[in-house]
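Trainee: Sharing work_38.tsv below, TSV, C-alpha atoms:
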chain	number	residue	atom	x	y	z
A	1	MET	CA	0.00	0.00	0.00
A	2	ALA	CA	1.54	3.37	-1.04
A	3	ARG	CA	1.86	6.07	1.59
A	4	THR	CA	3.41	9.51	1.73
A	5	ASN	CA	6.70	9.92	3.57
A	6	SER	CA	4.91	10.92	6.76
A	7	ASP	CA	2.17	8.28	6.38
A	8	ASP	CA	-0.41	10.99	7.07
A	9	LEU	CA	-2.33	10.96	3.81
A	10	LEU	CA	-3.74	8.33	1.49
A	11	MET	CA	-2.16	8.30	-1.95
A	12	GLU	CA	-4.13	8.30	-5.20
A	13	ASP	CA	-3.87	4.50	-5.50
A	14	ASP	CA	-5.30	4.09	-2.01
A	15	LEU	CA	-8.17	6.46	-2.75
A	16	ALA	CA	-8.95	4.70	-6.01
A	17	ALA	CA	-8.93	1.33	-4.24
A	18	ALA	CA	-11.20	2.69	-1.50
A	19	PHE	CA	-13.78	3.99	-3.98
A	20	LEU	CA	-13.47	1.20	-6.51
A	21	GLY	CA	-13.70	-1.61	-3.97
A	22	GLY	CA	-10.09	-2.72	-3.60
A	23	ASP	CA	-9.26	-5.94	-1.76
A	24	GLU	CA	-7.57	-4.26	1.20
A	25	GLU	CA	-9.36	-2.49	4.01
A	26	LEU	CA	-7.99	1.06	4.16
A	27	VAL	CA	-7.65	2.90	7.41
A	28	ALA	CA	-6.10	6.35	7.48
A	29	PRO	CA	-3.51	6.58	10.24
A	30	VAL	CA	-4.07	9.15	12.96
A	31	ALA	CA	-1.10	11.25	14.00
A	32	PRO	CA	-0.34	11.17	17.72
A	33	VAL	CA	-1.30	14.34	19.56
A	34	GLU	CA	2.32	14.95	20.56
A	35	SER	CA	3.48	15.09	16.93
A	36	VAL	CA	0.80	17.62	15.99
A	37	THR	CA	1.68	19.72	19.03
A	38	ASP	CA	5.39	19.52	18.19
A	39	GLU	CA	4.73	20.68	14.61
A	40	ALA	CA	2.62	23.60	15.86
A	41	ALA	CA	5.35	24.60	18.31
A	42	GLN	CA	7.94	24.47	15.54
A	43	PHE	CA	5.78	26.64	13.28
A	44	ASP	CA	5.11	29.16	16.04
A	45	GLY	CA	8.75	29.62	16.92
A	46	GLU	CA	10.39	29.56	13.50
A	47	SER	CA	10.16	31.55	10.32
A	48	ASN	CA	10.55	29.36	7.26
A	49	GLU	CA	11.50	31.92	4.65
A	50	ASP	CA	12.00	29.25	1.97
A	51	GLU	CA	8.23	28.68	1.84
A	52	TRP	CA	7.42	32.36	1.28
A	53	GLU	CA	7.93	33.73	-2.21
A	54	ASN	CA	9.11	37.28	-2.74
A	55	THR	CA	5.87	39.06	-3.64
A	56	ASP	CA	7.75	42.04	-5.10
A	57	GLU	CA	8.23	40.06	-8.31
A	58	PHE	CA	4.53	39.21	-8.69
A	59	PRO	CA	2.20	42.11	-7.89
A	60	GLY	CA	-1.06	41.17	-6.20
A	61	GLN	CA	-4.12	40.50	-8.31
A	62	LEU	CA	-7.21	42.66	-8.09
A	63	ALA	CA	-10.56	40.84	-8.16
A	64	VAL	CA	-13.05	42.36	-10.60
A	65	ASP	CA	-16.63	41.98	-11.80
A	66	VAL	CA	-17.32	42.79	-15.47
A	67	TYR	CA	-20.85	43.05	-16.83
A	68	GLU	CA	-22.81	44.91	-19.46
A	69	THR	CA	-26.12	46.63	-19.88
A	70	ALA	CA	-27.81	47.56	-23.17
A	71	ASP	CA	-25.43	50.48	-23.81
A	72	LYS	CA	-22.69	50.27	-21.14
A	73	LEU	CA	-19.87	47.97	-20.01
A	74	VAL	CA	-19.16	48.12	-16.28
A	75	VAL	CA	-16.05	47.00	-14.41
A	76	LYS	CA	-16.17	46.93	-10.60
A	77	ALA	CA	-13.25	46.21	-8.28
A	78	ARG	CA	-13.00	46.07	-4.48
A	79	THR	CA	-10.39	48.62	-3.56
A	80	ALA	CA	-11.01	49.11	0.16
A	81	GLY	CA	-8.24	51.07	1.84
A	82	ILE	CA	-6.85	52.51	-1.40
A	83	SER	CA	-6.95	56.25	-2.00
A	84	LYS	CA	-7.58	57.80	-5.41
A	85	SER	CA	-4.00	59.05	-5.54
A	86	ASP	CA	-2.71	55.45	-5.20
A	87	LEU	CA	-4.78	54.16	-8.17
A	88	ASP	CA	-3.92	54.24	-11.86
A	89	VAL	CA	-6.53	53.33	-14.47
A	90	SER	CA	-5.76	53.28	-18.19
A	91	ILE	CA	-7.19	51.85	-21.41
A	92	SER	CA	-5.60	51.24	-24.77
A	93	ASP	CA	-6.88	49.12	-27.66
A	94	ASN	CA	-9.74	47.74	-25.53
A	95	ILE	CA	-7.29	46.59	-22.82
A	96	LEU	CA	-8.04	47.97	-19.34
A	97	THR	CA	-5.29	48.18	-16.74
A	98	ILE	CA	-5.94	48.96	-13.08
A	99	SER	CA	-2.89	49.24	-10.85
A	100	GLY	CA	-1.87	50.86	-7.62
A	101	VAL	CA	-0.39	50.50	-4.19
A	102	LEU	CA	-2.12	49.32	-1.03
A	103	SER	CA	-0.15	50.73	1.86
A	104	GLY	CA	-0.68	50.44	5.57
A	105	GLY	CA	0.40	46.90	6.36
A	106	GLU	CA	4.00	47.71	7.11
A	107	ASP	CA	5.02	48.54	10.63
A	108	GLU	CA	8.70	49.04	11.35
A	109	GLN	CA	8.21	48.00	15.00
A	110	THR	CA	6.89	44.53	14.09
A	111	THR	CA	9.14	41.84	15.53
A	112	ARG	CA	7.19	38.73	14.45
A	113	TRP	CA	4.05	38.08	12.43
A	114	HIS	CA	1.54	35.56	13.76
A	115	ILE	CA	-0.96	35.74	10.89
A	116	GLN	CA	-0.55	37.72	7.68
A	117	GLU	CA	-3.44	37.28	5.27
A	118	CYS	CA	-3.86	40.80	3.93
A	119	TYR	CA	-1.95	41.80	0.83
A	120	TRP	CA	0.01	45.04	1.11
A	121	GLY	CA	1.97	46.54	-1.72
A	122	GLU	CA	1.66	46.88	-5.46
A	123	PHE	CA	-1.20	45.29	-7.35
A	124	SER	CA	-2.16	45.19	-10.99
A	125	ARG	CA	-4.92	43.78	-13.16
A	126	THR	CA	-5.11	43.85	-16.96
A	127	ILE	CA	-8.37	42.88	-18.65
A	128	ALA	CA	-9.18	42.44	-22.32
A	129	LEU	CA	-12.66	43.93	-22.44
A	130	PRO	CA	-15.24	41.53	-23.93
A	131	VAL	CA	-16.94	44.17	-26.14
A	132	GLN	CA	-15.69	47.20	-28.04
A	133	VAL	CA	-15.96	50.38	-25.97
A	134	LYS	CA	-15.42	54.05	-26.63
A	135	GLU	CA	-12.10	55.10	-25.11
A	136	ASP	CA	-12.42	58.89	-25.17
A	137	GLU	CA	-12.68	60.89	-21.94
A	138	ASN	CA	-16.35	61.74	-22.46
A	139	SER	CA	-17.34	58.07	-22.80
A	140	VAL	CA	-15.59	56.65	-19.73
A	141	LYS	CA	-16.44	57.33	-16.09
A	142	ALA	CA	-14.41	56.09	-13.10
A	143	GLU	CA	-15.70	56.49	-9.55
A	144	LEU	CA	-14.23	55.38	-6.22
A	145	LYS	CA	-16.89	55.16	-3.54
A	146	ASP	CA	-17.07	53.14	-0.31
A	147	GLY	CA	-14.07	51.01	-1.29
A	148	VAL	CA	-15.43	50.05	-4.71
A	149	LEU	CA	-13.91	51.31	-7.97
A	150	THR	CA	-16.56	51.43	-10.70
A	151	ILE	CA	-15.51	52.11	-14.29
A	152	THR	CA	-18.32	52.59	-16.79
A	153	PHE	CA	-17.70	52.58	-20.54
A	154	GLU	CA	-20.06	53.44	-23.37
A	155	LYS	CA	-20.18	50.54	-25.80
A	156	GLU	CA	-19.29	51.12	-29.45
A	157	LYS	CA	-22.30	50.96	-31.71
A	158	THR	CA	-21.79	48.07	-34.05
A	159	GLU	CA	-23.65	47.89	-37.29
A	160	ALA	CA	-25.85	44.91	-37.92
A	161	PRO	CA	-24.25	42.41	-40.28
A	162	LYS	CA	-25.05	43.14	-43.92
A	163	LYS	CA	-26.49	40.34	-45.98
A	164	ILE	CA	-24.44	39.49	-49.04
A	165	ALA	CA	-26.33	38.01	-51.96
A	166	ILE	CA	-24.78	34.93	-53.49
A	167	GLN	CA	-24.84	34.93	-57.30
I'd like the structure from this file rewritten - as C-alpha cells, please.

Mentor:
Amino acid sequence: MARTNSDDLLMEDDLAAAFLGGDEELVAPVAPVESVTDEAAQFDGESNEDEWENTDEFPGQLAVDVYETADKLVVKARTAGISKSDLDVSISDNILTISGVLSGGEDEQTTRWHIQECYWGEFSRTIALPVQVKEDENSVKAELKDGVLTITFEKEKTEAPKKIAIQ
C-alpha cells in the first residue's frame, strides 16, 4: 500500500482502491497528539522563509466583476483602503489596466508576524474587455466610492451584419 513519507495521507492508488472496492481495508492513520503539538510549536517559533515567495516580483491581483447593460460595459473592483491618488486606471486598444499601491500593512516595529493574510503593496490587473468600448474621456467614467472602484464605458455601436447576396 503506497503512503506519503509521513504516512499521514492516502495516496491516489489508495483512494482509487477505496472507492473502486479494492481488496484491502484502508484505514487512514491518525497522528499522535504529541506530533501535531510539536509541529505547531515548531511553526510558532520559526520563520521558514523558503516557503514564502518574494511578492515584489509578482504584484497582487485585483478581483473584478465585469458586466454589461444595453449600452454600457461596467467593471467593478473592491479597492477598500486605497486612496484615489494610489490608483492608476488606463485603457488602450480595448485593454483595461488597473494598478496601484495598497499601503498600511508595514510597521517598522513589528518583531514577528503571527498571521498575515492581507496583501500590502503593489497590485495590478489587466483585462481584455469583452466588447468594443469608446475610449475617449467623455465616454468613460471612473468612480471610487465606499471602497469600490466602478468604471463605466459606453459601448461602441456596431452595425448589424449586412447580408451578401450569393450569385

Trainee: For the atom pair atom CA of A:Thr150 and atom CA of A:Phe123, what is the interatomic distance in Å to one decimal place?

Mentor: 16.9 Å

Trainee: Please determine the residues with any atom at most 7 Å from (-0.6, 47.0, -13.0) (coordinates as given in the file, with all atoms listed in the file counting) and report them as a PDB file with C-alpha atoms, in the frame of the given file.

Mentor:
ATOM      1  CA  THR A  97      -5.290  48.180 -16.740  1.00  0.00           C
ATOM      2  CA  ILE A  98      -5.940  48.960 -13.080  1.00  0.00           C
ATOM      3  CA  SER A  99      -2.890  49.240 -10.850  1.00  0.00           C
ATOM      4  CA  GLY A 100      -1.870  50.860  -7.620  1.00  0.00           C
ATOM      5  CA  PHE A 123      -1.200  45.290  -7.350  1.00  0.00           C
ATOM      6  CA  SER A 124      -2.160  45.190 -10.990  1.00  0.00           C
ATOM      7  CA  ARG A 125      -4.920  43.780 -13.160  1.00  0.00           C
ATOM      8  CA  THR A 126      -5.110  43.850 -16.960  1.00  0.00           C
TER       9      THR A 126
END

Trainee: If we count all atoms listed in the file and set the cut-off at 8 Å, which residues sit around A:Ile82, ignoring sequence neighbours fewer than 6 positions away in its own chain? Please answer as a PyMOL selection string.

Mentor: chain A and resi 101-103+147

Trainee: Would you compute the distance between atom CA of A:Trp120 and atom CA of A:Gln61? Give it in Å to one decimal.

Mentor: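 These atoms are spaced 11.2 Å apart.
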
Trainee: Take atom CA of A:Thr111 and atom CA of A:Leu62 and report the distance between them in Å, one decimal.

Mentor: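 Computed distance, atom CA of A:Thr111 to atom CA of A:Leu62, equals 28.7 Å.
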
Trainee: Within 12 Å of A:Asp146, counting all atoms listed in the file, which residues qualify if same-chain residues fewer than 4 places away don't, as a list in words?

Mentor: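 That gives Ala77, Arg78, Thr79, Ala80, Gly81, Ile82, Ser83, Lys84 and Thr150 of chain A.
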
Trainee: Which residues come within 7 Å of A:Glu156, counting only C-alpha atoms, excluding same-chain residues fewer than 5 positions away, as a PyMOL selection string?

Mentor: chain A and resi 132-134

Trainee: Next, dump the selected residues to file, keeping only C-alpha atoms, as a short mmCIF file (atom, residue, chain, number, x, y, z; two decimals), keeping the file's coordinate frame.

Mentor:
data_model
loop_
_atom_site.label_atom_id
_atom_site.label_comp_id
_atom_site.auth_asym_id
_atom_site.auth_seq_id
_atom_site.Cartn_x
_atom_site.Cartn_y
_atom_site.Cartn_z
CA GLN A 132 -15.69 47.20 -28.04
CA VAL A 133 -15.96 50.38 -25.97
CA LYS A 134 -15.42 54.05 -26.63
#

Trainee: Taking into account only C-alpha atoms, which residue in the set A:Val74, A:Val64, A:Cys118, A:Ile166 is nearest to A:Ala142?

Mentor: A:Val74

Trainee: Go through A:Glu68, A:Ala63, A:His114, A:Asp88 and flag the residue nearest A:Pro130, using all atoms listed in the file for the distances.

Mentor: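 Comparing A:Glu68, A:Ala63, A:His114, A:Asp88 against A:Pro130, the winner is A:Glu68.
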